[in-house]
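The structure file data01.tsv is reproduced below (TSV, C-alpha atoms and all ligand atoms).
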chain	number	residue	atom	x	y	z
N	98	MET	CA	67.88	111.86	96.43
N	99	LEU	CA	70.77	111.60	98.85
N	100	THR	CA	69.68	110.00	102.13
N	101	PRO	CA	70.94	112.10	105.07
N	102	MET	CA	73.86	110.61	106.97
N	103	ARG	CA	72.94	109.67	110.56
N	104	LEU	CA	75.44	110.05	113.41
N	105	ASN	CA	75.10	107.26	115.99
N	106	LEU	CA	76.74	106.64	119.35
N	107	ILE	CA	77.31	103.01	120.26
N	108	TYR	CA	78.56	101.92	123.66
N	109	ALA	CA	78.16	99.35	126.40
N	110	ARG	CA	77.67	100.69	129.93
N	111	ALA	CA	77.34	99.22	133.39
N	112	ALA	CA	74.49	100.07	135.79
N	113	ASN	CA	76.74	102.73	137.39
N	114	GLY	CA	77.63	104.27	134.02
N	115	VAL	CA	81.09	102.75	133.71
N	116	ILE	CA	82.15	102.04	130.10
N	117	GLY	CA	85.82	101.22	130.63
N	118	CYS	CA	88.57	100.60	133.13
N	119	THR	CA	92.37	100.54	133.16
N	120	ARG	CA	94.12	97.17	133.48
N	121	ASP	CA	97.95	96.98	133.44
N	122	GLY	CA	98.01	100.63	132.38
N	123	GLN	CA	95.84	99.87	129.35
N	124	PRO	CA	92.19	100.80	128.68
N	125	ALA	CA	90.13	97.62	129.02
N	126	MET	CA	86.56	96.39	129.18
N	127	PRO	CA	85.45	95.60	132.72
N	128	TRP	CA	83.22	92.69	131.60
N	129	HIS	CA	83.27	89.71	129.24
N	130	LEU	CA	80.18	89.91	127.05
N	131	PRO	CA	80.64	88.17	123.69
N	132	GLU	CA	76.98	88.88	122.89
N	133	ASP	CA	77.84	92.58	122.88
N	134	LEU	CA	80.85	92.07	120.59
N	135	ALA	CA	78.58	90.31	118.07
N	136	HIS	CA	75.98	93.11	118.40
N	137	PHE	CA	78.66	95.79	117.88
N	138	ARG	CA	80.16	93.98	114.90
N	139	ARG	CA	76.76	93.43	113.23
N	140	LEU	CA	75.60	97.04	113.65
N	141	THR	CA	78.83	98.76	112.58
N	142	HIS	CA	80.03	96.46	109.79
N	143	GLY	CA	80.29	98.32	106.48
N	144	CYS	CA	79.87	101.74	108.13
N	145	PRO	CA	82.54	104.33	108.96
N	146	VAL	CA	83.53	104.33	112.64
N	147	ILE	CA	84.92	107.34	114.52
N	148	MET	CA	87.04	106.85	117.62
N	149	GLY	CA	89.56	108.53	119.85
N	150	ARG	CA	93.23	107.63	119.77
N	151	THR	CA	93.03	105.72	123.07
N	152	THR	CA	90.19	103.53	121.80
N	153	TRP	CA	92.22	102.82	118.64
N	154	ALA	CA	95.16	101.78	120.80
N	155	SER	CA	92.87	99.56	122.91
N	156	LEU	CA	91.65	97.55	119.92
N	157	PRO	CA	93.12	94.06	119.85
N	158	PRO	CA	95.71	94.07	116.99
N	159	ARG	CA	93.66	91.62	114.90
N	160	PHE	CA	90.84	94.23	114.93
N	161	ARG	CA	93.06	97.19	114.07
N	162	PRO	CA	91.77	98.54	111.77
N	163	LEU	CA	88.24	97.21	112.33
N	164	PRO	CA	87.65	95.17	109.19
N	165	GLY	CA	85.10	96.28	106.59
N	166	ARG	CA	84.86	99.82	107.96
N	167	VAL	CA	86.63	103.13	107.37
N	168	ASN	CA	88.35	103.73	110.74
N	169	LEU	CA	88.52	107.45	111.51
N	170	VAL	CA	90.76	108.25	114.48
N	171	LEU	CA	90.88	111.64	116.16
N	172	THR	CA	94.32	113.16	116.64
N	173	ARG	CA	95.79	116.63	116.18
N	174	ASP	CA	99.37	115.35	116.32
N	175	ALA	CA	101.06	115.16	112.88
N	176	ALA	CA	103.44	112.33	113.85
N	177	ARG	CA	100.60	110.26	115.32
N	178	ALA	CA	98.54	111.00	112.19
N	179	ARG	CA	101.29	109.54	110.00
N	180	ALA	CA	101.55	106.44	112.19
N	181	LEU	CA	97.77	105.99	112.11
N	182	GLN	CA	97.72	106.27	108.31
N	183	ALA	CA	100.46	103.64	108.08
N	184	ALA	CA	98.36	101.39	110.32
N	185	GLY	CA	95.28	101.62	108.07
N	186	ALA	CA	93.33	104.34	109.87
N	187	VAL	CA	92.19	107.74	108.60
N	188	PRO	CA	93.51	110.41	111.01
N	189	VAL	CA	91.18	113.38	111.49
N	190	ALA	CA	91.80	116.53	113.54
N	191	SER	CA	88.23	117.01	114.76
N	192	LEU	CA	84.79	115.42	114.90
N	193	GLU	CA	83.63	117.91	112.26
N	194	ALA	CA	86.51	116.87	109.98
N	195	ALA	CA	85.55	113.23	110.54
N	196	LEU	CA	81.95	113.95	109.49
N	197	GLU	CA	83.12	115.92	106.45
N	198	HIS	CA	85.29	112.96	105.45
N	199	CYS	CA	82.30	110.59	105.85
N	200	ARG	CA	80.06	112.82	103.71
N	201	ALA	CA	82.65	112.61	100.93
N	202	LEU	CA	82.77	108.79	101.04
N	203	ARG	CA	80.88	106.88	98.35
N	204	GLY	CA	79.90	103.23	98.73
N	205	ALA	CA	79.57	100.66	95.95
N	206	ASP	CA	76.11	102.18	95.37
N	207	GLY	CA	77.68	105.62	94.77
N	208	GLN	CA	75.93	106.90	97.89
N	209	PRO	CA	77.44	108.45	101.03
N	210	PRO	CA	77.17	106.27	104.16
N	211	ALA	CA	73.69	106.28	105.69
N	212	GLU	CA	75.06	105.48	109.16
N	213	VAL	CA	78.24	106.67	110.90
N	214	TRP	CA	79.18	105.27	114.34
N	215	VAL	CA	81.08	106.92	117.19
N	216	ILE	CA	82.61	103.94	118.99
N	217	GLY	CA	84.52	105.53	121.87
N	218	GLY	CA	85.85	106.67	124.14
N	219	ALA	CA	84.25	108.80	126.84
N	220	GLN	CA	85.60	112.13	125.62
N	221	VAL	CA	84.49	111.49	122.04
N	222	TYR	CA	81.01	110.38	123.14
N	223	ALA	CA	80.62	113.55	125.20
N	224	GLN	CA	81.70	115.69	122.22
N	225	ALA	CA	79.50	113.79	119.74
N	226	GLU	CA	76.35	113.54	121.91
N	227	PRO	CA	75.01	116.99	120.95
N	228	LEU	CA	75.38	116.10	117.24
N	229	ALA	CA	74.05	112.53	117.31
N	230	GLN	CA	70.53	111.40	116.34
N	231	ARG	CA	70.68	107.88	117.84
N	232	ALA	CA	72.43	106.09	120.68
N	233	VAL	CA	72.58	102.27	120.68
N	234	VAL	CA	73.41	101.30	124.25
N	235	THR	CA	74.16	97.88	125.72
N	236	GLU	CA	72.90	98.38	129.28
N	237	ILE	CA	74.49	95.90	131.66
N	238	GLU	CA	72.37	95.44	134.79
N	239	ARG	CA	75.34	95.25	137.15
N	240	ALA	CA	77.74	97.88	138.49
N	241	PHE	CA	81.43	97.57	137.63
N	242	ASP	CA	84.51	99.44	138.82
N	243	GLY	CA	86.05	101.64	136.17
N	244	ASP	CA	87.42	105.04	135.27
N	245	ALA	CA	85.57	105.92	132.05
N	246	TYR	CA	81.91	106.85	132.02
N	247	ALA	CA	79.07	106.89	129.51
N	248	PRO	CA	77.77	110.21	128.21
N	249	VAL	CA	74.66	111.64	129.86
N	250	LEU	CA	71.75	111.50	127.39
N	251	GLY	CA	69.73	114.65	128.04
N	252	PRO	CA	65.91	114.95	128.30
N	253	ASP	CA	65.47	115.29	124.53
N	254	TRP	CA	66.51	111.64	124.07
N	255	HIS	CA	63.82	109.00	124.31
N	256	GLU	CA	63.94	105.19	124.32
N	257	THR	CA	62.59	103.67	121.11
N	258	ALA	CA	63.59	99.98	121.49
N	259	ARG	CA	64.68	97.59	124.23
N	260	GLU	CA	65.64	93.88	124.02
N	261	THR	CA	66.47	92.25	127.32
N	262	HIS	CA	68.91	89.33	127.48
N	263	LEU	CA	70.79	87.09	129.91
N	264	SER	CA	74.35	86.38	128.79
N	265	ALA	CA	75.74	82.84	128.64
N	266	GLU	CA	77.67	83.76	131.79
N	267	GLY	CA	74.49	84.90	133.59
N	268	LEU	CA	74.96	88.67	133.14
N	269	PRO	CA	71.61	90.44	132.57
N	270	PHE	CA	71.81	93.13	129.90
N	271	ALA	CA	69.64	94.89	127.34
N	272	PHE	CA	70.17	96.31	123.86
N	273	VAL	CA	68.52	99.72	124.08
N	274	THR	CA	68.00	102.34	121.35
N	275	TYR	CA	67.60	106.01	122.17
N	276	GLU	CA	66.68	108.58	119.56
N	277	ARG	CA	66.02	112.26	119.35
N	278	ALA	CA	64.40	114.16	116.57
L	1	LIG	C1	82.90	95.59	121.41
L	1	LIG	C2	82.93	96.62	122.52
L	1	LIG	C3	81.92	97.68	122.24
L	1	LIG	N1	80.62	97.40	122.41
L	1	LIG	C4	79.67	98.36	122.14
L	1	LIG	N2	78.38	98.06	122.31
L	1	LIG	N3	80.01	99.59	121.71
L	1	LIG	C5	81.32	99.90	121.54
L	1	LIG	N4	81.66	101.13	121.14
L	1	LIG	C6	82.31	98.96	121.80
L	1	LIG	O1	83.66	99.28	121.67
L	1	LIG	C7	84.23	99.07	120.37
L	1	LIG	C8	85.67	99.57	120.44
L	1	LIG	C9	86.46	98.75	121.43
L	1	LIG	O2	86.43	97.38	120.97
L	1	LIG	C10	87.10	96.42	121.73
L	1	LIG	N5	87.72	96.80	122.86
L	1	LIG	C11	88.37	95.86	123.58
L	1	LIG	C12	88.39	94.51	123.19
L	1	LIG	C13	87.73	94.12	122.03
L	1	LIG	C14	87.09	95.09	121.26
L	1	LIG	N6	86.42	94.75	120.07
L	1	LIG	C15	86.06	93.32	119.92
L	1	LIG	C16	85.03	93.15	118.79
L	1	LIG	C17	85.60	93.71	117.51
L	1	LIG	C18	84.65	93.48	116.33
L	1	LIG	F1	85.24	93.89	115.21
L	1	LIG	F2	84.36	92.19	116.26
L	1	LIG	F3	83.53	94.18	116.50
L	1	LIG	C19	85.87	95.19	117.71
L	1	LIG	C20	86.89	95.38	118.85
Rendering of file as structure tokens:
Amino acid sequence: MLTPMRLNLIYARAANGVIGCTRDGQPAMPWHLPEDLAHFRRLTHGCPVIMGRTTWASLPPRFRPLPGRVNLVLTRDAARARALQAAGAVPVASLEAALEHCRALRGADGQPPAEVWVIGGAQVYAQAEPLAQRAVVTEIERAFDGDAYAPVLGPDWHETARETHLSAEGLPFAFVTYERA
């Protein structure tokens, strides 16, 4: 029996909804939260990740492609698609095409992936939110300046888990899971 593939959003957001900022013309993270990096790595390792082209470009080179995961990157531009392929990503023209590609993947167990993760950015989260069953959100209890915002999770989403933490640098945050039927 094939287990259904679950589409997940994963993001870290500030108290004011900011998920990213621009530093020296580049997309950047407004905070330093190594605990979130470890959380992200643990949850997504071994699963396909879907991202926008800007998020791909923002990955530190040593993480591009993210190791141990099929990296699907959204682009409709043929030249960019070729460059992405050469760089170890799988270019896809739409979110639907990305999901079709994931359904066709088979792991060492011969099964399709049970979990697929949308990892950014803002436009891709907004597009994926209506299709996703779970959102794993790192909620940082402080406002930050930025220019990219988290998706709005509508009333049909409900919180199913929350772990509160204080980072080594004194930043209060929580790992929160939202699900909808
Ligand atoms: C981690 C940041 C992050 N947090 C949560 N909760 N949800 C996300 N969607 C997310 O954005 C992942 C794509 C952007 O990622 C980075 N952007 C700038 C600098 C570094 C990174 N990381 C460092 C860790 C690395 C590892 F492979 F170790 F996970 C992946 C690339």
So which residues touch region 240-256 of chain N within 8 Å, counting all atoms listed in the file, skipping near sequence neighbours fewer than 3 positions away, as a short mmCIF file (atom, residue, chain, number, x, y, z; two decimals) with C-alpha atoms, in the frame of the given file?
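Written file, selection_30.cif:
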data_model
loop_
_atom_site.label_atom_id
_atom_site.label_comp_id
_atom_site.auth_asym_id
_atom_site.auth_seq_id
_atom_site.Cartn_x
_atom_site.Cartn_y
_atom_site.Cartn_z
CA TYR N 108 78.56 101.92 123.66
CA ARG N 110 77.67 100.69 129.93
CA ALA N 111 77.34 99.22 133.39
CA ALA N 112 74.49 100.07 135.79
CA ASN N 113 76.74 102.73 137.39
CA GLY N 114 77.63 104.27 134.02
CA VAL N 115 81.09 102.75 133.71
CA ILE N 116 82.15 102.04 130.10
CA GLY N 117 85.82 101.22 130.63
CA CYS N 118 88.57 100.60 133.13
CA THR N 119 92.37 100.54 133.16
CA PRO N 127 85.45 95.60 132.72
CA TRP N 128 83.22 92.69 131.60
CA GLY N 218 85.85 106.67 124.14
CA ALA N 219 84.25 108.80 126.84
CA TYR N 222 81.01 110.38 123.14
CA ALA N 223 80.62 113.55 125.20
CA GLU N 226 76.35 113.54 121.91
CA ILE N 237 74.49 95.90 131.66
CA ARG N 259 64.68 97.59 124.23
CA VAL N 273 68.52 99.72 124.08
CA THR N 274 68.00 102.34 121.35
CA TYR N 275 67.60 106.01 122.17
CA GLU N 276 66.68 108.58 119.56
CA ARG N 277 66.02 112.26 119.35
#
Can you check which parts of chain N lie within 7 Å of ligand LIG 1 (chain L)? Per residue, the shortest pair of atoms and distance in Å to one decimal, counting only C-alpha atoms and all ligand atoms, sorted by chain and number, as a tab-separated table.
residue	atom	partner	partner_atom	distance
N:Ile107	CA	L:LIG1	N3	4.6
N:Tyr108	CA	L:LIG1	N3	3.4
N:Ala109	CA	L:LIG1	N2	4.3
N:Ala125	CA	L:LIG1	C11	6.0
N:Met126	CA	L:LIG1	C11	5.9
N:Asp133	CA	L:LIG1	N2	5.5
N:Leu134	CA	L:LIG1	C1	4.2
N:Ala135	CA	L:LIG1	F2	6.3
N:His136	CA	L:LIG1	N2	6.7
N:Phe137	CA	L:LIG1	N2	5.0
N:Arg138	CA	L:LIG1	F3	3.7
N:Thr152	CA	L:LIG1	C9	6.1
N:Ser155	CA	L:LIG1	N5	5.8
N:Leu156	CA	L:LIG1	N5	5.0
N:Pro157	CA	L:LIG1	C12	5.8
N:Phe160	CA	L:LIG1	F1	5.6
N:Leu163	CA	L:LIG1	F1	5.3
N:Pro164	CA	L:LIG1	F1	6.6
N:Ile216	CA	L:LIG1	N4	3.7
N:Gly217	CA	L:LIG1	N4	5.3
N:Val234	CA	L:LIG1	N2	6.2
N:Thr235	CA	L:LIG1	N2	5.4
Keeping C-alpha atoms for every residue in the selection just given, could you write it to a file as a PDB file, in the frame of the given file?
ATOM      1  CA  ILE N 107      77.310 103.010 120.260  1.00  0.00           C
ATOM      2  CA  TYR N 108      78.560 101.920 123.660  1.00  0.00           C
ATOM      3  CA  ALA N 109      78.160  99.350 126.400  1.00  0.00           C
ATOM      4  CA  ALA N 125      90.130  97.620 129.020  1.00  0.00           C
ATOM      5  CA  MET N 126      86.560  96.390 129.180  1.00  0.00           C
ATOM      6  CA  ASP N 133      77.840  92.580 122.880  1.00  0.00           C
ATOM      7  CA  LEU N 134      80.850  92.070 120.590  1.00  0.00           C
ATOM      8  CA  ALA N 135      78.580  90.310 118.070  1.00  0.00           C
ATOM      9  CA  HIS N 136      75.980  93.110 118.400  1.00  0.00           C
ATOM     10  CA  PHE N 137      78.660  95.790 117.880  1.00  0.00           C
ATOM     11  CA  ARG N 138      80.160  93.980 114.900  1.00  0.00           C
ATOM     12  CA  THR N 152      90.190 103.530 121.800  1.00  0.00           C
ATOM     13  CA  SER N 155      92.870  99.560 122.910  1.00  0.00           C
ATOM     14  CA  LEU N 156      91.650  97.550 119.920  1.00  0.00           C
ATOM     15  CA  PRO N 157      93.120  94.060 119.850  1.00  0.00           C
ATOM     16  CA  PHE N 160      90.840  94.230 114.930  1.00  0.00           C
ATOM     17  CA  LEU N 163      88.240  97.210 112.330  1.00  0.00           C
ATOM     18  CA  PRO N 164      87.650  95.170 109.190  1.00  0.00           C
ATOM     19  CA  ILE N 216      82.610 103.940 118.990  1.00  0.00           C
ATOM     20  CA  GLY N 217      84.520 105.530 121.870  1.00  0.00           C
ATOM     21  CA  VAL N 234      73.410 101.300 124.250  1.00  0.00           C
ATOM     22  CA  THR N 235      74.160  97.880 125.720  1.00  0.00           C
TER      23      THR N 235
END
Between CA of Ala154 (chain N) and CA of Glu197 (chain N), what is the distance, to one decimal in Å?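 So the two atoms, CA of Ala154 (chain N) and CA of Glu197 (chain N), lie 23.5 Å apart.
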To test the calculation: enclose all listed atoms of region 135-149 of chain N in a box whose edges run along x, y and z, add 3 Å on each side, then state centre and edge lengths in Å to one decimal, as lines of an AutoDock Vina configuration file.
center_x = 82.6
center_y = 99.4
center_z = 113.2
size_x = 20.0
size_y = 24.2
size_z = 19.4
Would you mind reading off the distance between CA of Thr141 (chain N) and CA of Arg177 (chain N), one decimal, in Å?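 These two atoms are separated by 24.8 Å.
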Go ahead and compute the interatomic distance for CA of Glu212 (chain N) and CA of Thr257 (chain N), in Å to one decimal.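 So the answer is 17.4 Å.
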Which one is closest to Ala271 (chain N): N:Cys199, N:Ala258, N:Val189, N:Cys144? Count all atoms listed in the file. N:Ala258
Dump as an MDAnalysis selection string all residues having an atom at most 9 Å from (74.8, 88.5, 138.2), computed in the file's coordinates with all atoms listed in the file. chainID N and resid 238:239 266:269
Looking at N:Met102, N:Ala184, N:Leu130, N:Ala178, which one is nearest to His262 (chain N), with distances taken over all atoms listed in the file? N:Leu130
Nearest residue to Ala211 (chain N) out of N:Pro158, N:Ala278, N:Leu196, N:Pro124, using all atoms listed in the file?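 Between N:Pro158, N:Ala278, N:Leu196, N:Pro124, the residue approaching Ala211 (chain N) most closely is N:Leu196.
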Up to 9 Å from (93.0, 113.1, 115.7) in the file's coordinates: name the residues, counting all atoms listed in the file, as a list in words.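 Taken together, the residues in range are Met148, Gly149, Arg150, Leu169, Val170, Leu171, Thr172, Arg173, Asp174, Ala175, Arg177, Ala178, Val187, Pro188, Val189, Ala190, Ser191 and Leu192 of chain N.
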